[in-house]
>>> print(open('upload.cif').read())   # mmCIF, C-alpha atoms and all ligand atoms
data_final
#
loop_
_atom_site.label_atom_id
_atom_site.label_comp_id
_atom_site.auth_asym_id
_atom_site.auth_seq_id
_atom_site.Cartn_x
_atom_site.Cartn_y
_atom_site.Cartn_z
CA MET A 231 -20.30 -0.82 25.65
CA LYS A 232 -18.54 -0.43 22.36
CA ILE A 233 -15.95 2.28 22.25
CA LYS A 234 -14.99 3.36 18.78
CA ARG A 235 -12.72 6.11 17.73
CA PRO A 236 -13.95 8.40 14.98
CA ARG A 237 -13.06 7.08 11.60
CA GLN A 238 -11.14 9.09 9.10
CA GLN A 239 -11.09 9.02 5.33
CA ASP A 240 -10.72 5.93 3.21
CA THR A 241 -7.02 6.60 2.90
CA HIS A 242 -6.66 5.33 6.45
CA LYS A 243 -8.18 1.99 5.68
CA ILE A 244 -5.99 -0.95 6.39
CA ASN A 245 -5.83 -2.86 3.17
CA ARG A 246 -5.03 -6.46 3.75
CA ARG A 247 -4.80 -9.23 1.22
CA ILE A 248 -6.37 -11.69 3.55
CA ALA A 249 -9.02 -11.24 6.15
CA LEU A 250 -7.03 -12.57 9.08
CA GLY A 251 -8.03 -9.62 11.19
CA LYS A 252 -11.64 -10.44 10.55
CA LEU A 253 -10.85 -14.07 11.19
CA LEU A 254 -9.50 -13.18 14.61
CA THR A 255 -12.54 -11.12 15.49
CA GLY A 256 -14.58 -14.23 14.93
CA SER A 257 -17.39 -12.12 13.58
CA ALA A 258 -17.46 -12.99 9.90
CA PHE A 259 -16.34 -16.57 9.49
CA ILE A 260 -17.08 -18.10 12.81
CA ALA A 261 -18.90 -21.20 11.57
CA LEU A 262 -16.44 -22.16 8.87
CA PRO A 263 -13.51 -24.57 9.24
CA LEU A 264 -10.14 -22.86 9.29
CA PRO A 265 -8.93 -23.62 5.73
CA VAL A 266 -12.16 -22.22 4.32
CA ARG A 267 -11.78 -19.08 6.36
CA ILE A 268 -8.23 -18.64 5.18
CA LEU A 269 -9.41 -19.00 1.61
CA ALA A 270 -11.69 -16.01 2.04
CA ALA A 271 -11.42 -13.60 -0.84
CA THR A 272 -9.20 -10.57 -0.78
CA GLU A 273 -11.02 -7.74 0.86
CA THR A 274 -10.50 -4.23 2.01
CA MET A 275 -11.36 -3.92 5.62
CA GLN A 276 -11.41 -1.28 8.26
CA LEU A 277 -10.70 -2.36 11.80
CA ASP A 278 -12.10 -0.77 14.93
CA MET A 279 -10.71 -0.91 18.45
CA ASP A 280 -12.80 -3.96 19.29
CA ASP A 281 -11.12 -5.78 16.39
CA ILE A 282 -7.71 -4.69 17.67
CA GLU A 283 -8.49 -5.89 21.18
CA SER A 284 -9.70 -9.23 19.84
CA MET A 285 -6.60 -9.55 17.67
CA ARG A 286 -4.37 -8.91 20.69
CA ASN A 287 -6.23 -11.31 22.98
CA ASN A 288 -6.55 -14.13 20.43
CA TRP A 289 -3.02 -14.12 19.03
CA ARG A 290 -2.58 -17.81 19.81
CA GLN A 291 -4.90 -18.64 16.92
CA LEU A 292 -1.86 -18.03 14.72
CA GLN A 293 0.40 -20.30 16.76
CA ARG A 294 1.29 -23.52 14.98
CA ASP A 295 0.34 -26.74 16.75
CA ASN A 296 3.20 -28.08 18.88
CA LEU A 297 5.17 -24.83 18.65
CA GLU A 298 6.36 -24.19 22.17
CA LEU A 299 6.81 -20.57 23.12
CA PRO A 300 8.06 -18.77 26.23
CA ALA A 301 5.90 -16.32 28.20
CA PRO A 302 7.03 -12.77 29.02
CA GLY A 303 7.76 -13.68 32.65
CA ASP A 304 9.71 -16.85 31.94
CA SER A 305 13.25 -16.74 33.24
CA PHE A 306 16.01 -15.88 30.81
CA SER A 307 19.73 -15.79 31.22
CA ARG A 308 22.60 -15.61 28.71
CA THR A 309 26.14 -14.41 29.09
CA GLU A 310 27.63 -11.73 26.88
CA GLU A 311 29.90 -14.37 25.34
CA GLN A 312 26.91 -16.55 24.48
CA TRP A 313 25.14 -13.63 22.80
CA GLN A 314 28.20 -13.08 20.63
CA GLU A 315 28.52 -16.75 19.77
CA LEU A 316 24.87 -17.23 18.90
CA PHE A 317 24.34 -14.31 16.53
CA SER A 318 25.94 -12.78 13.47
CA ASP A 319 27.68 -9.43 13.96
CA GLU A 320 24.82 -7.64 12.22
CA ARG A 321 22.14 -9.30 14.28
CA TYR A 322 24.11 -8.81 17.49
CA ALA A 323 24.50 -5.10 16.75
CA ILE A 324 20.73 -4.72 16.39
CA LEU A 325 19.67 -6.85 19.34
CA ARG A 326 22.30 -5.73 21.81
CA GLU A 327 23.46 -2.32 20.58
CA ALA A 328 20.22 -0.93 19.09
CA ASP A 329 21.64 -0.72 15.60
CA THR A 330 19.23 -0.39 12.64
CA GLU A 331 19.34 -2.58 9.56
CA GLU A 332 19.32 -1.07 6.10
CA ALA A 333 15.84 -0.25 4.77
CA PHE A 334 14.34 -2.82 2.39
CA SER A 335 16.98 -5.38 3.41
CA SER A 336 14.74 -7.82 5.27
CA PRO A 337 12.87 -10.63 3.50
CA LEU A 338 10.22 -10.23 6.20
CA ASN A 339 9.05 -7.08 4.42
CA GLU A 340 7.45 -9.38 1.85
CA GLU A 341 6.36 -12.08 4.29
CA GLU A 342 2.59 -12.48 3.94
CA ARG A 343 1.94 -15.91 5.36
CA ALA A 344 -0.17 -16.37 8.48
CA GLY A 345 1.89 -16.88 11.61
CA LEU A 346 3.81 -15.35 14.49
CA TYR A 347 6.80 -13.01 14.67
CA LEU A 348 9.08 -13.97 17.55
CA CYS A 349 11.94 -12.14 19.23
CA ALA A 350 15.13 -13.37 17.57
CA GLY A 351 16.84 -13.14 20.94
CA CYS A 352 14.57 -15.37 23.04
CA LYS A 353 11.62 -16.56 20.87
CA LEU A 354 9.03 -14.58 22.81
CA PRO A 355 6.07 -14.00 20.45
CA LEU A 356 5.80 -10.27 19.71
CA PHE A 357 3.43 -9.80 16.76
CA THR A 358 1.05 -11.81 14.58
CA SER A 359 0.75 -11.66 10.81
CA ALA A 360 -2.67 -10.07 11.27
CA MET A 361 -0.99 -7.08 12.96
CA LYS A 362 1.40 -6.44 10.06
CA TYR A 363 0.85 -3.84 7.36
CA GLU A 364 2.79 -2.35 4.46
CA SER A 365 4.10 0.98 5.69
CA GLY A 366 6.33 1.62 2.68
CA THR A 367 9.26 2.42 4.98
CA GLY A 368 11.35 -0.66 4.14
CA TRP A 369 11.04 -2.16 7.62
CA PRO A 370 8.48 -4.72 8.81
CA SER A 371 5.71 -2.64 10.38
CA PHE A 372 2.87 -3.47 12.74
CA PHE A 373 -0.09 -1.45 14.02
CA THR A 374 -0.40 -3.28 17.34
CA THR A 375 1.41 -5.95 19.36
CA ILE A 376 0.82 -9.07 21.41
CA PRO A 377 0.07 -7.74 24.94
CA GLY A 378 2.79 -7.26 27.53
CA VAL A 379 5.83 -8.10 25.43
CA PHE A 380 7.63 -4.75 25.17
CA GLU A 381 9.27 -2.14 27.32
CA THR A 382 10.01 1.30 25.94
CA ARG A 383 12.52 4.04 26.53
CA GLN A 384 13.18 7.45 25.04
CA ASP A 385 15.99 7.40 22.49
CA PHE A 386 17.86 10.68 22.00
CA SER A 387 20.38 9.39 19.45
CA LEU A 388 18.81 11.52 16.74
CA ILE A 389 17.88 15.18 17.11
CA LEU A 390 14.22 14.40 17.71
CA PRO A 391 13.58 12.00 20.59
CA ARG A 392 12.12 8.67 19.54
CA THR A 393 10.46 5.88 21.47
CA GLU A 394 12.69 2.83 21.45
CA TYR A 395 11.11 -0.54 22.29
CA HIS A 396 12.68 -3.83 23.30
CA CYS A 397 11.69 -7.35 24.30
CA VAL A 398 10.49 -7.48 27.90
CA ARG A 399 12.01 -10.94 28.40
CA CYS A 400 15.55 -10.75 27.03
CA GLY A 401 15.98 -7.00 26.51
CA SER A 402 16.70 -7.27 22.79
CA HIS A 403 16.21 -4.04 20.87
CA GLN A 404 13.46 -4.39 18.25
CA GLY A 405 12.76 -0.97 16.78
CA HIS A 406 11.03 2.37 17.27
CA LEU A 407 7.39 3.29 17.82
CA PHE A 408 5.82 6.14 15.82
CA ASP A 409 2.33 7.63 15.83
CA ASP A 410 1.77 7.77 12.07
CA GLY A 411 0.37 4.25 11.67
CA PRO A 412 -3.05 3.33 10.28
CA GLU A 413 -6.31 3.89 12.13
CA PRO A 414 -7.63 2.96 14.58
CA THR A 415 -4.39 2.62 16.62
CA SER A 416 -2.25 5.15 14.69
CA ASP A 417 0.72 3.14 15.94
CA ARG A 418 3.61 2.17 13.70
CA TRP A 419 5.86 -0.37 15.36
CA CYS A 420 8.82 -0.09 13.01
CA ASN A 421 10.81 -3.28 13.54
CA ASN A 422 14.16 -4.57 12.40
CA GLY A 423 13.60 -7.74 10.39
CA LEU A 424 16.78 -9.26 11.84
CA ALA A 425 15.35 -8.86 15.34
CA LEU A 426 12.46 -11.16 14.41
CA VAL A 427 11.98 -14.81 13.54
CA PHE A 428 8.85 -15.76 11.61
CA GLU A 429 7.00 -18.94 12.53
CA PRO A 430 4.27 -19.83 10.00
CA ALA A 431 0.95 -20.96 11.40
CA GLY A 432 1.21 -24.09 9.32
CA ILE A 433 -1.97 -23.41 7.39
CA GLU A 434 -0.36 -21.65 4.44
CA GLU A 435 -0.50 -24.75 2.25
CA THR A 436 -4.22 -24.24 1.90
CA ALA A 437 -4.18 -20.47 1.65
CA SER A 438 -4.87 -18.63 -1.56
CA PHE A 439 -2.06 -16.12 -1.17
ZN ZN A 501 13.48 -11.50 23.58
#
>>> encode(input="upload.cif", output="structure tokens")
Amino acid sequence: MKIKRPRQQDTHKINRRIALGKLLTGSAFIALPLPVRILAATETMQLDMDDIESMRNNWRQLQRDNLELPAPGDSFSRTEEQWQELFSDERYAILREADTEEAFSSPLNEEERAGLYLCAGCKLPLFTSAMKYESGTGWPSFFTTIPGVFETRQDFSLILPRTEYHCVRCGSHQGHLFDDGPEPTSDRWCNNGLALVFEPAGIEETASF
């Protein structure tokens, strides 16, 4: 049975330059070879919860061939000294001390290629490019996530409590979760760009964007 949330006005449409969400649902371009599907014209699309579920379950479609990735339950261990050696002060402060980068400072705000966004701390895949949207906040923003990759906690560092989220594998702080994202999830995963590493799917050479 299909469960759909009520749709709101057109202003809640998720405008995407490329139909990767539709690609991942497999509903529109299923018979076409991948480069042709990627070349699909710009379109305005509105996702429903079935699309979101499909996007979450099929995230590996945006994993480049031969790119090896850890799973959430894979063991992880690193000493405090190693963390400090491996990362810049700015990145360390975000990952390990829940600092926030300056708005509009990350090149990932403009990243539009197909691919995966990994935890900068441990390379666990967290989001796909199909889950990203332009929130206008100055931080890379996503309306859903790859399943099972985050833990959350309440953050009382500002007057209003916020929901902090971090990588389930290595504990790295990523950002804060808000409920003013686009339909149908209404989630805005507001992420520090420095907490992410982008891995292109390797099909961008043939893409039209
Ligand atoms: Zn991690």
>>> closest_residue(input="upload.cif", among="A:Glu429, A:Asp319, A:Asp280, A:Glu394", to="Leu354 in chain A", atoms="all atoms listed in the file")
A:Glu429
>>> closest_residue(input="upload.cif", among="A:Ile282, A:Thr367, A:Ala344, A:Cys400", to="Pro302 in chain A", atoms="all atoms listed in the file")
A:Cys400
>>> closest_residue(input="upload.cif", among="A:Pro412, A:Gly378, A:Gly432, A:Pro370", to="Leu338 in chain A", atoms="all atoms listed in the file")
A:Pro370
>>> atom_distance(input="upload.cif", atom1="CA of Val398 in chain A", atom2="atom ZN of ligand ZN 501 (chain A)")
6.6 Å
>>> closest_atom_pairs(input="upload.cif", of="chain A", to="ligand ZN 501 (chain A)", cutoff="10 Å", atoms="all atoms listed in the file", output="tab-separated table")
residue	atom	partner	partner_atom	distance
A:Pro300	CA	A:ZN501	ZN	9.4
A:Pro302	CA	A:ZN501	ZN	8.5
A:Phe306	CA	A:ZN501	ZN	8.8
A:Leu325	CA	A:ZN501	ZN	8.8
A:Leu348	CA	A:ZN501	ZN	7.9
A:Cys349	CA	A:ZN501	ZN	4.7
A:Ala350	CA	A:ZN501	ZN	6.5
A:Gly351	CA	A:ZN501	ZN	4.6
A:Cys352	CA	A:ZN501	ZN	4.1
A:Lys353	CA	A:ZN501	ZN	6.0
A:Leu354	CA	A:ZN501	ZN	5.5
A:Pro355	CA	A:ZN501	ZN	8.4
A:Leu356	CA	A:ZN501	ZN	8.7
A:Val379	CA	A:ZN501	ZN	8.6
A:Phe380	CA	A:ZN501	ZN	9.1
A:His396	CA	A:ZN501	ZN	7.7
A:Cys397	CA	A:ZN501	ZN	4.6
A:Val398	CA	A:ZN501	ZN	6.6
A:Arg399	CA	A:ZN501	ZN	5.1
A:Cys400	CA	A:ZN501	ZN	4.1
A:Gly401	CA	A:ZN501	ZN	5.9
A:Ser402	CA	A:ZN501	ZN	5.4
A:His403	CA	A:ZN501	ZN	8.4
A:Gln404	CA	A:ZN501	ZN	8.9
A:Ala425	CA	A:ZN501	ZN	8.9
A:Leu426	CA	A:ZN501	ZN	9.2
>>> atom_distance(input="upload.cif", atom1="CA of Phe334 in chain A", atom2="CA of Thr393 in chain A")
21.3 Å
>>> closest_residue(input="upload.cif", among="A:Ala301, A:Ala431, A:Leu346, A:Leu424", to="Glu320 in chain A", atoms="all atoms listed in the file")
A:Leu424
>>> atom_distance(input="upload.cif", atom1="CA of Phe408 in chain A", atom2="CA of Phe373 in chain A")
9.8 Å
>>> residues_around(input="upload.cif", residues="Leu407 in chain A", least_positions_apart="3", cutoff="8 Å", atoms="only C-alpha atoms", output="ChimeraX atom specification")
/A:392-395,417-420
>>> write_last_selection(input="upload.cif", atoms="C-alpha atoms", output="mmCIF file, in the coordinates of the input")
data_model
loop_
_atom_site.group_PDB
_atom_site.id
_atom_site.type_symbol
_atom_site.label_atom_id
_atom_site.label_comp_id
_atom_site.auth_asym_id
_atom_site.auth_seq_id
_atom_site.Cartn_x
_atom_site.Cartn_y
_atom_site.Cartn_z
ATOM 1 C CA ARG A 392 12.120 8.670 19.540
ATOM 2 C CA THR A 393 10.460 5.880 21.470
ATOM 3 C CA GLU A 394 12.690 2.830 21.450
ATOM 4 C CA TYR A 395 11.110 -0.540 22.290
ATOM 5 C CA ASP A 417 0.720 3.140 15.940
ATOM 6 C CA ARG A 418 3.610 2.170 13.700
ATOM 7 C CA TRP A 419 5.860 -0.370 15.360
ATOM 8 C CA CYS A 420 8.820 -0.090 13.010
#
>>> axis_aligned_box(input="upload.cif", around="range 339-351 of chain A", padding_each_side="5 Å", output="AutoDock Vina command-line options")
--center_x 8.3 --center_y -12.0 --center_z 11.4 --size_x 27.0 --size_y 19.8 --size_z 29.1
>>> residues_near_point(input="upload.cif", point="(-2.8, 0.4, 15.2)", cutoff="10 Å", atoms="only C-alpha atoms", output="list in words")
Ile244, Leu277, Asp278, Met279, Ile282, Met361, Lys362, Tyr363, Phe372, Phe373, Thr374, Thr375, Asp409, Asp410, Gly411, Pro412, Glu413, Pro414, Thr415, Ser416, Asp417, Arg418 and Trp419 of chain A
>>> closest_residue(input="upload.cif", among="A:Glu341, A:Asp329, A:Glu364, A:Phe357", to="Ser387 in chain A", atoms="all atoms listed in the file")
A:Asp329
>>> closest_residue(input="upload.cif", among="A:Gln276, A:Ser318, A:Thr309, A:Ser359", to="Leu292 in chain A", atoms="all atoms listed in the file")
A:Ser359
